[in-house]
>>> print(open('protein_21.cif').read())   # mmCIF, C-alpha atoms and all ligand atoms
data_work
#
loop_
_atom_site.label_atom_id
_atom_site.label_comp_id
_atom_site.auth_asym_id
_atom_site.auth_seq_id
_atom_site.Cartn_x
_atom_site.Cartn_y
_atom_site.Cartn_z
CA MET A 14 10.24 5.67 -14.20
CA THR A 15 12.85 8.42 -14.83
CA LYS A 16 11.57 8.92 -18.34
CA LEU A 17 8.47 10.33 -16.71
CA ALA A 18 10.50 12.64 -14.46
CA ASN A 19 9.47 15.82 -16.19
CA ASP A 20 5.81 15.02 -16.54
CA THR A 21 3.67 17.19 -14.34
CA SER A 22 1.15 15.16 -12.51
CA THR A 23 -2.07 17.13 -12.35
CA LYS A 24 -4.90 14.66 -12.28
CA THR A 25 -4.53 13.37 -8.76
CA ASP A 26 -5.13 15.11 -5.45
CA TRP A 27 -2.06 13.77 -3.62
CA ASN A 28 -3.06 15.30 -0.29
CA LYS A 29 -6.32 13.39 -0.44
CA ILE A 30 -4.42 10.22 -1.33
CA ARG A 31 -2.12 10.70 1.65
CA SER A 32 -5.09 11.09 4.00
CA GLN A 33 -6.19 7.57 2.99
CA PHE A 34 -3.17 6.15 4.87
CA PRO A 35 -4.02 6.54 8.58
CA VAL A 36 -0.69 5.11 9.71
CA LEU A 37 1.07 8.17 8.34
CA ASP A 38 -0.87 10.46 10.65
CA GLN A 39 0.93 9.79 13.92
CA LYS A 40 3.84 10.91 16.03
CA ILE A 41 6.94 8.79 16.45
CA ASN A 42 9.32 9.84 19.21
CA GLY A 43 7.23 12.99 19.59
CA GLN A 44 7.66 13.99 15.93
CA ASP A 45 5.39 13.68 12.91
CA LEU A 46 6.15 10.37 11.22
CA VAL A 47 8.04 10.70 7.94
CA TYR A 48 7.81 7.26 6.40
CA LEU A 49 10.56 6.66 3.85
CA ASP A 50 10.94 2.89 4.14
CA ASN A 51 8.50 1.98 1.38
CA ALA A 52 10.89 -0.39 -0.37
CA ALA A 53 10.84 -2.59 2.72
CA SER A 54 7.05 -2.44 3.10
CA SER A 55 4.67 0.14 1.77
CA GLN A 56 1.73 1.34 3.83
CA MET A 57 -1.85 0.19 3.45
CA PRO A 58 -4.74 2.52 2.58
CA VAL A 59 -7.81 2.24 4.74
CA ILE A 60 -9.86 0.77 1.90
CA VAL A 61 -7.54 -2.27 1.84
CA SER A 62 -7.49 -2.80 5.62
CA ASP A 63 -11.29 -2.40 5.63
CA ARG A 64 -11.60 -5.05 2.93
CA ILE A 65 -9.48 -7.46 4.97
CA ASP A 66 -11.52 -6.64 8.05
CA HIS A 67 -14.73 -7.32 6.12
CA TYR A 68 -13.46 -10.79 5.19
CA HIS A 69 -12.73 -11.54 8.84
CA LYS A 70 -16.10 -10.24 9.99
CA LYS A 71 -18.36 -11.50 7.21
CA GLU A 72 -16.69 -14.01 4.92
CA HIS A 73 -14.17 -15.98 6.96
CA SER A 74 -14.22 -19.54 5.74
CA ASN A 75 -11.87 -21.90 3.94
CA VAL A 76 -11.53 -21.67 0.16
CA HIS A 77 -11.89 -24.20 -2.68
CA ARG A 78 -13.41 -26.83 -0.39
CA GLY A 79 -16.82 -26.03 0.93
CA ILE A 80 -20.13 -26.55 -0.79
CA HIS A 81 -21.63 -24.08 1.68
CA SER A 82 -22.30 -20.48 0.71
CA LEU A 83 -19.82 -18.82 3.05
CA SER A 84 -16.97 -20.86 1.65
CA GLN A 85 -18.14 -19.98 -1.85
CA LYS A 86 -18.10 -16.29 -0.93
CA ALA A 87 -14.56 -16.55 0.43
CA THR A 88 -13.46 -18.53 -2.64
CA ASP A 89 -14.98 -15.99 -5.04
CA ALA A 90 -13.30 -13.10 -3.22
CA TYR A 91 -9.96 -14.89 -3.06
CA GLU A 92 -10.04 -16.08 -6.66
CA SER A 93 -11.06 -12.65 -7.93
CA THR A 94 -7.57 -11.54 -6.89
CA ARG A 95 -6.11 -13.98 -9.41
CA THR A 96 -8.04 -12.30 -12.21
CA LYS A 97 -7.03 -8.87 -10.92
CA VAL A 98 -3.35 -9.86 -10.87
CA GLN A 99 -3.67 -11.36 -14.35
CA GLU A 100 -5.10 -8.11 -15.69
CA PHE A 101 -2.70 -5.94 -13.68
CA ILE A 102 0.38 -7.50 -15.29
CA ASN A 103 -1.39 -8.42 -18.55
CA ALA A 104 -0.75 -12.15 -18.29
CA ARG A 105 -2.26 -14.32 -21.03
CA HIS A 106 -3.88 -16.88 -18.70
CA LYS A 107 -5.27 -16.92 -15.17
CA GLU A 108 -3.52 -20.24 -14.52
CA GLU A 109 -0.20 -18.48 -14.95
CA ILE A 110 -0.74 -16.63 -11.67
CA ILE A 111 0.54 -18.75 -8.79
CA PHE A 112 -0.10 -17.44 -5.28
CA THR A 113 2.84 -17.66 -2.89
CA THR A 114 3.80 -16.02 0.38
CA GLY A 115 5.98 -13.46 -1.41
CA THR A 116 8.88 -12.90 -3.75
CA THR A 117 11.23 -15.07 -1.67
CA ASP A 118 8.80 -17.97 -1.79
CA SER A 119 8.20 -17.47 -5.53
CA ILE A 120 11.90 -17.65 -6.36
CA ASN A 121 12.40 -20.69 -4.12
CA LEU A 122 9.51 -22.37 -5.91
CA VAL A 123 11.14 -21.93 -9.32
CA ALA A 124 14.60 -22.92 -8.06
CA GLN A 125 13.33 -26.04 -6.28
CA SER A 126 10.79 -27.15 -8.86
CA TYR A 127 12.24 -26.10 -12.21
CA GLY A 128 15.85 -26.25 -11.04
CA ARG A 129 15.76 -29.68 -9.45
CA LYS A 130 14.18 -31.17 -12.55
CA ASN A 131 16.26 -29.41 -15.17
CA PHE A 132 19.69 -28.38 -13.82
CA ASN A 133 22.66 -30.71 -14.25
CA THR A 134 26.34 -30.58 -13.39
CA GLY A 135 28.04 -27.69 -15.17
CA ASP A 136 24.80 -25.91 -16.13
CA GLU A 137 24.95 -22.20 -15.48
CA ILE A 138 22.61 -19.78 -13.71
CA ILE A 139 23.29 -16.12 -14.46
CA LEU A 140 22.62 -13.63 -11.66
CA SER A 141 23.78 -10.05 -11.26
CA GLU A 142 25.89 -8.27 -8.71
CA MET A 143 22.88 -6.25 -7.56
CA GLU A 144 20.56 -9.09 -6.55
CA HIS A 145 18.64 -9.20 -3.29
CA HIS A 146 19.61 -12.25 -1.23
CA ALA A 147 16.20 -13.70 -2.17
CA ASN A 148 17.47 -13.97 -5.75
CA ILE A 149 20.86 -15.39 -4.77
CA VAL A 150 20.48 -17.94 -1.99
CA PRO A 151 17.70 -20.10 -3.56
CA TRP A 152 19.92 -20.51 -6.62
CA GLN A 153 22.95 -21.33 -4.48
CA LEU A 154 20.96 -24.03 -2.70
CA ILE A 155 19.81 -25.69 -5.91
CA ALA A 156 23.23 -25.24 -7.54
CA GLU A 157 24.84 -27.09 -4.67
CA GLU A 158 22.34 -29.89 -5.05
CA THR A 159 22.54 -30.25 -8.82
CA GLY A 160 26.14 -29.28 -9.62
CA ALA A 161 25.05 -26.15 -11.48
CA VAL A 162 27.25 -23.05 -11.29
CA LEU A 163 26.42 -19.38 -10.67
CA ARG A 164 27.78 -16.75 -13.06
CA ILE A 165 27.56 -13.10 -12.05
CA VAL A 166 26.96 -10.03 -14.25
CA PRO A 167 29.00 -7.17 -12.76
CA MET A 168 27.85 -3.56 -12.48
CA ASN A 169 29.66 -0.25 -12.79
CA ASP A 170 30.01 2.28 -9.98
CA ALA A 171 26.80 4.03 -10.99
CA GLY A 172 25.02 0.73 -10.32
CA GLU A 173 24.31 -0.19 -13.96
CA LEU A 174 24.72 -3.70 -15.27
CA ASP A 175 27.58 -4.43 -17.63
CA MET A 176 25.53 -5.63 -20.58
CA ASP A 177 28.58 -6.62 -22.67
CA THR A 178 29.68 -9.02 -19.97
CA TYR A 179 26.12 -10.30 -19.67
CA GLU A 180 26.08 -11.11 -23.37
CA SER A 181 29.43 -12.83 -23.16
CA LEU A 182 28.28 -14.96 -20.21
CA LEU A 183 25.34 -16.37 -22.17
CA SER A 184 26.20 -19.77 -23.62
CA GLU A 185 24.70 -23.18 -24.29
CA LYS A 186 25.33 -23.90 -20.60
CA THR A 187 23.00 -21.10 -19.45
CA LYS A 188 19.83 -22.69 -18.08
CA MET A 189 18.46 -19.71 -16.19
CA VAL A 190 18.97 -15.97 -16.04
CA ALA A 191 17.63 -14.49 -12.78
CA ILE A 192 17.85 -10.72 -12.58
CA VAL A 193 16.20 -8.00 -10.53
CA HIS A 194 13.95 -5.54 -12.39
CA VAL A 195 14.53 -2.65 -9.95
CA SER A 196 17.28 -2.81 -7.33
CA ASN A 197 15.98 -2.31 -3.80
CA ALA A 198 19.34 -0.97 -2.62
CA LEU A 199 20.32 1.26 -5.56
CA GLY A 200 17.08 2.07 -7.33
CA THR A 201 18.53 1.00 -10.68
CA VAL A 202 15.92 0.07 -13.27
CA ASN A 203 17.50 -2.69 -15.31
CA PRO A 204 16.91 -3.09 -19.05
CA VAL A 205 14.99 -6.29 -18.47
CA LYS A 206 13.36 -6.42 -21.88
CA GLU A 207 16.79 -6.48 -23.50
CA ILE A 208 18.06 -8.98 -20.90
CA ILE A 209 15.13 -11.29 -21.65
CA ASN A 210 15.47 -10.91 -25.39
CA LEU A 211 19.18 -11.80 -25.34
CA ALA A 212 18.52 -14.79 -23.07
CA HIS A 213 15.78 -16.04 -25.37
CA GLN A 214 18.03 -15.74 -28.43
CA ASN A 215 20.30 -18.04 -26.43
CA GLU A 216 17.36 -20.35 -25.59
CA SER A 217 17.72 -19.66 -21.86
CA LEU A 218 14.85 -19.03 -19.48
CA VAL A 219 14.55 -15.81 -17.50
CA LEU A 220 13.18 -15.07 -14.04
CA ILE A 221 12.73 -11.41 -13.19
CA ASP A 222 12.52 -10.35 -9.55
CA GLY A 223 9.91 -7.62 -9.82
CA ALA A 224 9.44 -6.94 -6.09
CA GLN A 225 10.43 -3.29 -6.51
CA ALA A 226 9.04 -2.77 -10.00
CA VAL A 227 5.39 -3.79 -9.86
CA PRO A 228 4.50 -1.28 -7.11
CA HIS A 229 5.92 1.67 -9.03
CA SER A 230 5.16 1.38 -12.73
CA LYS A 231 3.10 -0.56 -15.23
CA VAL A 232 4.51 -4.03 -15.89
CA ASP A 233 3.28 -5.75 -19.04
CA ILE A 234 4.36 -9.34 -18.81
CA GLN A 235 3.49 -10.18 -22.41
CA ASP A 236 5.51 -7.24 -23.66
CA LEU A 237 8.49 -8.19 -21.46
CA ASP A 238 8.11 -11.87 -22.34
CA ALA A 239 9.65 -13.02 -19.01
CA ASP A 240 9.32 -16.73 -18.34
CA PHE A 241 8.92 -16.13 -14.61
CA TYR A 242 8.17 -12.90 -12.76
CA THR A 243 7.84 -12.46 -8.99
CA PHE A 244 6.48 -9.85 -6.59
CA SER A 245 5.11 -9.30 -3.06
CA ALA A 246 1.81 -7.79 -1.90
CA HIS A 247 3.28 -5.89 1.06
CA LYS A 248 5.32 -3.61 -1.18
CA MET A 249 2.26 -2.57 -3.20
CA CYS A 250 -0.14 -1.34 -0.52
CA GLY A 251 -1.22 -4.86 0.34
CA PRO A 252 -0.66 -7.09 3.35
CA THR A 253 2.35 -9.21 4.32
CA GLY A 254 2.45 -12.95 3.76
CA PHE A 255 1.24 -12.93 0.18
CA GLY A 256 2.86 -12.73 -3.23
CA VAL A 257 2.82 -13.87 -6.81
CA LEU A 258 4.77 -16.08 -9.12
CA TYR A 259 3.91 -15.49 -12.75
CA GLY A 260 5.09 -18.28 -15.02
CA LYS A 261 4.41 -19.14 -18.64
CA LYS A 262 1.76 -21.82 -18.73
CA GLU A 263 3.67 -24.28 -20.88
CA ILE A 264 6.69 -24.09 -18.54
CA LEU A 265 4.64 -24.37 -15.35
CA GLN A 266 2.79 -27.37 -16.75
CA ASP A 267 6.07 -29.21 -17.09
CA MET A 268 7.24 -28.42 -13.56
CA PRO A 269 6.70 -30.78 -10.62
CA PRO A 270 5.00 -29.55 -7.44
CA TYR A 271 7.20 -27.81 -4.90
CA ARG A 272 5.19 -28.66 -1.78
CA GLY A 273 2.72 -31.45 -1.12
CA GLY A 274 -0.57 -31.35 0.75
CA GLY A 275 -4.21 -30.46 0.41
CA ASP A 276 -5.53 -28.55 -2.62
CA MET A 277 -2.60 -29.36 -4.89
CA ILE A 278 -3.70 -32.93 -5.65
CA ASP A 279 -6.09 -34.59 -8.07
CA LYS A 280 -6.22 -38.12 -6.63
CA VAL A 281 -4.33 -39.57 -3.69
CA THR A 282 -3.77 -43.21 -2.89
CA PHE A 283 -0.92 -44.66 -0.86
CA GLU A 284 0.52 -46.00 -4.08
CA GLU A 285 0.28 -42.90 -6.20
CA THR A 286 -0.82 -39.28 -6.20
CA THR A 287 -1.72 -37.18 -9.22
CA TRP A 288 -1.58 -33.42 -9.31
CA ASN A 289 -4.25 -30.80 -9.57
CA ASP A 290 -4.27 -28.47 -12.58
CA LEU A 291 -2.52 -25.12 -12.69
CA PRO A 292 -2.34 -22.98 -10.66
CA TYR A 293 -3.38 -25.20 -7.73
CA LYS A 294 -0.60 -27.74 -8.33
CA PHE A 295 1.72 -25.21 -6.66
CA GLU A 296 -0.62 -24.07 -3.90
CA ALA A 297 -0.59 -26.72 -1.17
CA GLY A 298 -2.62 -26.19 1.98
CA THR A 299 -4.88 -23.41 3.19
CA PRO A 300 -3.55 -20.13 1.81
CA PRO A 301 -3.47 -16.76 3.61
CA ILE A 302 -6.99 -15.99 2.36
CA ALA A 303 -7.41 -12.58 3.97
CA ALA A 304 -4.05 -11.47 2.59
CA GLY A 305 -4.99 -12.66 -0.89
CA ILE A 306 -8.23 -10.71 -0.78
CA GLY A 307 -6.22 -7.74 0.49
CA LEU A 308 -3.93 -7.90 -2.54
CA GLY A 309 -6.98 -7.76 -4.82
CA SER A 310 -8.17 -4.66 -3.03
CA ALA A 311 -4.69 -3.08 -3.23
CA ILE A 312 -4.67 -3.66 -6.99
CA ASP A 313 -8.08 -1.98 -7.31
CA TYR A 314 -6.69 0.94 -5.33
CA LEU A 315 -3.53 1.30 -7.44
CA ASN A 316 -5.58 0.99 -10.63
CA GLU A 317 -7.89 3.72 -9.47
CA ILE A 318 -4.99 6.14 -9.10
CA GLY A 319 -3.35 4.77 -12.25
CA MET A 320 0.13 3.26 -12.49
CA ASP A 321 1.33 5.93 -14.91
CA GLU A 322 0.19 8.62 -12.52
CA ILE A 323 2.00 6.84 -9.65
CA ALA A 324 5.20 6.49 -11.70
CA SER A 325 5.05 10.14 -12.65
CA ARG A 326 4.51 11.37 -9.09
CA GLU A 327 7.29 9.18 -7.71
CA ALA A 328 9.67 10.39 -10.43
CA GLN A 329 8.93 13.99 -9.40
CA LEU A 330 9.65 13.21 -5.76
CA LEU A 331 12.81 11.28 -6.67
CA ASP A 332 14.04 14.21 -8.73
CA TYR A 333 13.35 16.64 -5.92
CA ALA A 334 14.99 14.45 -3.25
CA THR A 335 18.04 13.72 -5.42
CA LYS A 336 18.62 17.42 -6.09
CA ARG A 337 18.24 18.35 -2.43
CA ILE A 338 20.55 15.55 -1.22
CA ASN A 339 23.14 16.40 -3.86
CA ASP A 340 23.19 19.96 -2.51
CA LEU A 341 24.32 18.70 0.90
CA GLU A 342 28.04 18.69 1.48
CA GLY A 343 29.51 15.35 2.56
CA VAL A 344 26.47 13.30 1.52
CA ARG A 345 27.13 10.70 -1.17
CA ILE A 346 24.39 8.93 -3.10
CA ILE A 347 25.16 5.25 -3.77
CA GLY A 348 23.42 4.28 -7.00
CA THR A 349 23.35 6.92 -9.70
CA ALA A 350 22.08 4.93 -12.66
CA LYS A 351 20.52 6.84 -15.56
CA ASP A 352 17.26 4.98 -15.11
CA LYS A 353 16.23 4.94 -11.47
CA ALA A 354 13.15 4.26 -9.38
CA SER A 355 12.36 6.15 -6.20
CA VAL A 356 15.09 4.72 -3.97
CA ILE A 357 17.98 6.82 -2.66
CA SER A 358 20.80 5.09 -0.81
CA PHE A 359 23.25 7.48 0.79
CA LEU A 360 26.18 7.91 3.12
CA ILE A 361 26.60 10.91 5.40
CA ASP A 362 30.27 11.85 5.84
CA ASN A 363 31.94 8.88 7.58
CA ILE A 364 28.98 8.22 9.84
CA HIS A 365 27.89 4.59 10.10
CA SER A 366 24.48 4.14 8.51
CA THR A 367 23.04 2.55 11.67
CA ASP A 368 24.03 5.61 13.69
CA ALA A 369 22.53 7.91 11.07
CA GLY A 370 19.31 5.87 10.99
CA THR A 371 19.03 5.92 14.78
CA ILE A 372 19.31 9.70 14.93
CA LEU A 373 16.85 10.12 12.04
CA ASP A 374 14.41 7.86 13.91
CA GLN A 375 14.58 10.22 16.89
CA LYS A 376 13.31 12.87 14.47
CA GLY A 377 10.44 10.60 13.42
CA ILE A 378 12.08 9.79 10.08
CA ALA A 379 11.89 6.12 9.09
CA VAL A 380 14.66 5.04 6.71
CA ARG A 381 16.30 1.66 6.36
CA THR A 382 19.96 1.18 7.16
CA GLY A 383 22.48 -1.57 6.54
CA HIS A 384 23.07 -3.85 3.58
CA HIS A 385 19.41 -4.06 2.51
CA CYS A 386 19.72 -7.84 1.98
CA ALA A 387 22.12 -7.14 -0.87
CA GLN A 388 25.56 -7.70 0.62
CA PRO A 389 27.33 -8.12 -2.76
CA ILE A 390 26.33 -4.53 -3.58
CA MET A 391 28.02 -3.33 -0.41
CA GLN A 392 31.08 -5.42 -1.29
CA HIS A 393 31.19 -3.65 -4.66
CA TYR A 394 31.39 -0.24 -2.99
CA ASP A 395 33.49 -1.57 -0.08
CA ILE A 396 31.08 -0.16 2.49
CA PRO A 397 29.21 -1.89 5.33
CA GLY A 398 25.87 -0.40 4.38
CA THR A 399 23.90 2.71 3.49
CA ALA A 400 20.94 4.67 4.76
CA ARG A 401 18.10 4.28 2.28
CA ALA A 402 15.15 6.57 1.71
CA SER A 403 12.55 4.88 -0.46
CA ILE A 404 9.74 7.07 -1.64
CA SER A 405 6.13 6.27 -2.42
CA PHE A 406 3.47 8.27 -4.19
CA TYR A 407 1.90 9.24 -0.86
CA ASN A 408 5.08 10.96 0.30
CA THR A 409 5.35 14.70 -0.14
CA GLU A 410 7.97 17.36 -0.80
CA GLU A 411 7.59 18.22 2.87
CA ASP A 412 8.68 14.68 3.82
CA ILE A 413 11.81 15.19 1.71
CA ASP A 414 12.47 18.56 3.35
CA LYS A 415 12.22 16.92 6.77
CA LEU A 416 14.67 14.23 5.63
CA ILE A 417 17.10 16.94 4.52
CA ASP A 418 16.77 18.71 7.90
CA GLY A 419 17.27 15.33 9.58
CA ILE A 420 20.46 14.65 7.61
CA LYS A 421 21.78 18.10 8.57
CA TYR A 422 20.99 17.30 12.19
CA VAL A 423 22.87 13.97 11.92
CA LYS A 424 25.88 15.81 10.48
CA ASP A 425 25.83 18.34 13.32
CA PHE A 426 25.32 15.63 15.91
CA PHE A 427 28.47 13.80 14.86
CA SER A 428 30.61 16.82 14.05
N1 LIG A 501 13.70 -8.86 -4.10
C1 LIG A 501 13.76 -7.54 -3.90
C2 LIG A 501 14.34 -6.67 -4.96
C3 LIG A 501 13.28 -7.00 -2.72
O1 LIG A 501 13.33 -5.69 -2.51
C4 LIG A 501 12.72 -7.87 -1.74
C5 LIG A 501 12.21 -7.32 -0.43
N2 LIG A 501 13.06 -6.43 0.21
C6 LIG A 501 12.68 -9.23 -2.01
C7 LIG A 501 13.18 -9.69 -3.20
C8 LIG A 501 12.09 -10.19 -1.03
O2 LIG A 501 10.74 -9.93 -0.88
P1 LIG A 501 9.87 -10.66 0.27
O3 LIG A 501 10.61 -10.40 1.55
O4 LIG A 501 8.56 -9.98 0.20
O5 LIG A 501 9.83 -12.10 -0.06
#
>>> encode(input="protein_21.cif", output="structure tokens", more="lines below")
Ligand code: PMP
Amino acid sequence: MTKLANDTSTKTDWNKIRSQFPVLDQKINGQDLVYLDNAASSQMPVIVSDRIDHYHKKEHSNVHRGIHSLSQKATDAYESTRTKVQEFINARHKEEIIFTTGTTDSINLVAQSYGRKNFNTGDEIILSEMEHHANIVPWQLIAEETGAVLRIVPMNDAGELDMDTYESLLSEKTKMVAIVHVSNALGTVNPVKEIINLAHQNESLVLIDGAQAVPHSKVDIQDLDADFYTFSAHKMCGPTGFGVLYGKKEILQDMPPYRGGGDMIDKVTFEETTWNDLPYKFEAGTPPIAAGIGLGSAIDYLNEIGMDEIASREAQLLDYATKRINDLEGVRIIGTAKDKASVISFLIDNIHSTDAGTILDQKGIAVRTGHHCAQPIMQHYDIPGTARASISFYNTEEDIDKLIDGIKYVKDFFS
């Protein structure tokens, strides 16, 4: 991510890339749309929406069940996504790729399945101060049920984790370390390889919330050696309602199912039910098939551009936007870690972020405002929320310039 900041990206025609996203070519409130809310949901290139459309028009059928050809077509298309995800994150086995409805669902699966079986009174789950609520609340729920306790790694004012405290929190009581790879509210890229390594030396398992990492740089799961890793399709040019839980095969094999129903069983009688093999043991019921096929197409699309190329382009845009925002008087960036992804949270003078966001929206500029589902971060800075511009590779310097003009307009408006 930032280490690529000075690379000059020459291979890709970014204007052509941008033209592949029809949603960007429209007016909002009479102004050209400037979409800077990519951390919430990225946009979908036409090739992905066409692929989903093709499924609906030509392949729609249930998966894994039918002997008929249409069902086989749908199953092949849907299952090809599993192979694409496996290759995309360099997982060892296809069975390690569990399909879920998104990061939130993936984390709940691990908390409810692994946690319920393995956590006992006094066991500890280490989280960090910069977690998204999706990586806090599922652990709170299972902690309440099992008597486990949450321990929190603090961060400094730049938004970097205090690694000394992390090390000191690790003990024989630590059953799980659950940490975000890239913070959605601050942009911080955490040293997850080191976090995982230290946890493993302590014989603790690690779940990494990769919702904001996978869309922006190459993630090699074997190199990281995470036990669990989670992400969502809608943040990586794919559709909503679909996501991934990666888990190491030997750990997943030992975990009980999280939900019961069709597809996840081997044999059912009223006396006893046995489970299907991985990954289906965790995939009860008819899945969002079109969305799954859409994720496969999104991965093809990202691969075609190249994840290094994407990381490099986004680092350039982050650099440019950071410099321009820093030049504005009265604008404070929240989250100034050394290693950052393309997220800029900011405050304009004493203006409430919701007011700032509303005025920016009148100018056609889409940013997110509020606590970004990370209230403990806001508690750290003692602020109610921030405005957040999150940049994708299809944004341009011109988008950033329009954001800067918009911020100036907000300042004038409230002065
Ligand atoms: N973790 C992080 C870091 C996120 O940014 C998000 C989405 N904002 C989530 C988890 C939850 O993702 P989803 O809503 O797709 O389940």
>>> closest_residue(input="protein_21.cif", among="A:Asp368, A:Glu296, A:Asp175, A:Asp414", to="A:Ser119", atoms="all atoms listed in the file")
A:Glu296
>>> closest_residue(input="protein_21.cif", among="A:Leu360, A:Val380, A:Ile306, A:Ile318", to="A:Lys29", atoms="all atoms listed in the file")
A:Ile318
>>> residues_around(input="protein_21.cif", residues="A:Pro58", least_positions_apart="6", cutoff="7 Å", atoms="all atoms listed in the file", output="PyMOL selection string")
chain A and resi 33-34+250
>>> closest_atom_pairs(input="protein_21.cif", of="chain A", to="ligand LIG 501 (chain A)", cutoff="8 Å", atoms="all atoms listed in the file", output="Markdown table")
| residue | atom | partner | partner_atom | distance |
| --- | --- | --- | --- | --- |
| A:Ala52 | CA | A:LIG501 | O1 | 6.2 |
| A:Ala53 | CA | A:LIG501 | N2 | 5.1 |
| A:Ser54 | CA | A:LIG501 | N2 | 7.8 |
| A:Thr114 | CA | A:LIG501 | O5 | 7.2 |
| A:Gly115 | CA | A:LIG501 | O5 | 4.3 |
| A:Thr116 | CA | A:LIG501 | O5 | 3.9 |
| A:Thr117 | CA | A:LIG501 | O5 | 3.7 |
| A:Asp118 | CA | A:LIG501 | O5 | 6.2 |
| A:Ser119 | CA | A:LIG501 | O5 | 7.8 |
| A:Glu144 | CA | A:LIG501 | C2 | 6.9 |
| A:His145 | CA | A:LIG501 | N1 | 5.0 |
| A:His146 | CA | A:LIG501 | C7 | 7.2 |
| A:Ala147 | CA | A:LIG501 | C7 | 5.1 |
| A:Asn148 | CA | A:LIG501 | N1 | 6.6 |
| A:Val193 | CA | A:LIG501 | C2 | 6.0 |
| A:His194 | CA | A:LIG501 | C2 | 7.5 |
| A:Val195 | CA | A:LIG501 | C2 | 6.4 |
| A:Ser196 | CA | A:LIG501 | C2 | 5.4 |
| A:Asn197 | CA | A:LIG501 | O1 | 4.5 |
| A:Ala198 | CA | A:LIG501 | O1 | 7.6 |
| A:Asp222 | CA | A:LIG501 | N1 | 5.8 |
| A:Gly223 | CA | A:LIG501 | C2 | 6.6 |
| A:Ala224 | CA | A:LIG501 | C1 | 4.9 |
| A:Gln225 | CA | A:LIG501 | C2 | 5.4 |
| A:Phe244 | CA | A:LIG501 | O4 | 7.1 |
| A:Ser245 | CA | A:LIG501 | O4 | 4.8 |
| A:Ala246 | CA | A:LIG501 | O4 | 7.4 |
| A:His247 | CA | A:LIG501 | O4 | 6.7 |
| A:Lys248 | CA | A:LIG501 | O4 | 7.3 |
| A:Thr253 | CA | A:LIG501 | O4 | 7.5 |
| A:Gly254 | CA | A:LIG501 | O4 | 7.7 |
| A:Phe255 | CA | A:LIG501 | O4 | 7.9 |
| A:Gly256 | CA | A:LIG501 | O4 | 7.2 |
| A:His385 | CA | A:LIG501 | N2 | 7.2 |
| A:Cys386 | CA | A:LIG501 | N2 | 7.0 |
>>> write_last_selection(input="protein_21.cif", atoms="C-alpha atoms", output="short mmCIF file (atom, residue, chain, number, x, y, z; two decimals), in the frame of the given file")
data_model
loop_
_atom_site.label_atom_id
_atom_site.label_comp_id
_atom_site.auth_asym_id
_atom_site.auth_seq_id
_atom_site.Cartn_x
_atom_site.Cartn_y
_atom_site.Cartn_z
CA ALA A 52 10.89 -0.39 -0.37
CA ALA A 53 10.84 -2.59 2.72
CA SER A 54 7.05 -2.44 3.10
CA THR A 114 3.80 -16.02 0.38
CA GLY A 115 5.98 -13.46 -1.41
CA THR A 116 8.88 -12.90 -3.75
CA THR A 117 11.23 -15.07 -1.67
CA ASP A 118 8.80 -17.97 -1.79
CA SER A 119 8.20 -17.47 -5.53
CA GLU A 144 20.56 -9.09 -6.55
CA HIS A 145 18.64 -9.20 -3.29
CA HIS A 146 19.61 -12.25 -1.23
CA ALA A 147 16.20 -13.70 -2.17
CA ASN A 148 17.47 -13.97 -5.75
CA VAL A 193 16.20 -8.00 -10.53
CA HIS A 194 13.95 -5.54 -12.39
CA VAL A 195 14.53 -2.65 -9.95
CA SER A 196 17.28 -2.81 -7.33
CA ASN A 197 15.98 -2.31 -3.80
CA ALA A 198 19.34 -0.97 -2.62
CA ASP A 222 12.52 -10.35 -9.55
CA GLY A 223 9.91 -7.62 -9.82
CA ALA A 224 9.44 -6.94 -6.09
CA GLN A 225 10.43 -3.29 -6.51
CA PHE A 244 6.48 -9.85 -6.59
CA SER A 245 5.11 -9.30 -3.06
CA ALA A 246 1.81 -7.79 -1.90
CA HIS A 247 3.28 -5.89 1.06
CA LYS A 248 5.32 -3.61 -1.18
CA THR A 253 2.35 -9.21 4.32
CA GLY A 254 2.45 -12.95 3.76
CA PHE A 255 1.24 -12.93 0.18
CA GLY A 256 2.86 -12.73 -3.23
CA HIS A 385 19.41 -4.06 2.51
CA CYS A 386 19.72 -7.84 1.98
#
>>> closest_residue(input="protein_21.cif", among="A:Ala212, A:Ala379, A:Ile347, A:Ile302", to="A:Ser403", atoms="all atoms listed in the file")
A:Ala379
>>> residues_around(input="protein_21.cif", residues="A:Ala369", least_positions_apart="5", cutoff="9 Å", atoms="all atoms listed in the file", output="list of chain:residue names")
A:Leu360, A:Ile361, A:Ile364, A:Asp374, A:Thr382, A:Ala400, A:Ile420, A:Val423, A:Lys424
>>> atom_distance(input="protein_21.cif", atom1="atom CA of A:Ile120", atom2="atom CA of A:His73")
29.3 Å
>>> residues_near_point(input="protein_21.cif", point="(4.8, -9.0, -20.8)", cutoff="10 Å", atoms="all atoms listed in the file", output="list in words")
Ile102, Asn103, Ala104, Arg105, Lys206, Val232, Asp233, Ile234, Gln235, Asp236, Leu237, Asp238, Ala239, Asp240 and Tyr242 of chain A
>>> residues_near_point(input="protein_21.cif", point="(21.6, 7.9, -2.2)", cutoff="6 Å", atoms="all atoms listed in the file", output="JSON, numbers by chain")
{"A": [346, 347, 357, 358, 359]}
>>> atom_distance(input="protein_21.cif", atom1="atom CA of A:Trp152", atom2="atom CA of A:Asn121")
7.9 Å
>>> residues_around(input="protein_21.cif", residues="A:Gly172", least_positions_apart="6", cutoff="8 Å", atoms="all atoms listed in the file", output="PyMOL selection string")
chain A and resi 143+199+201+347-350
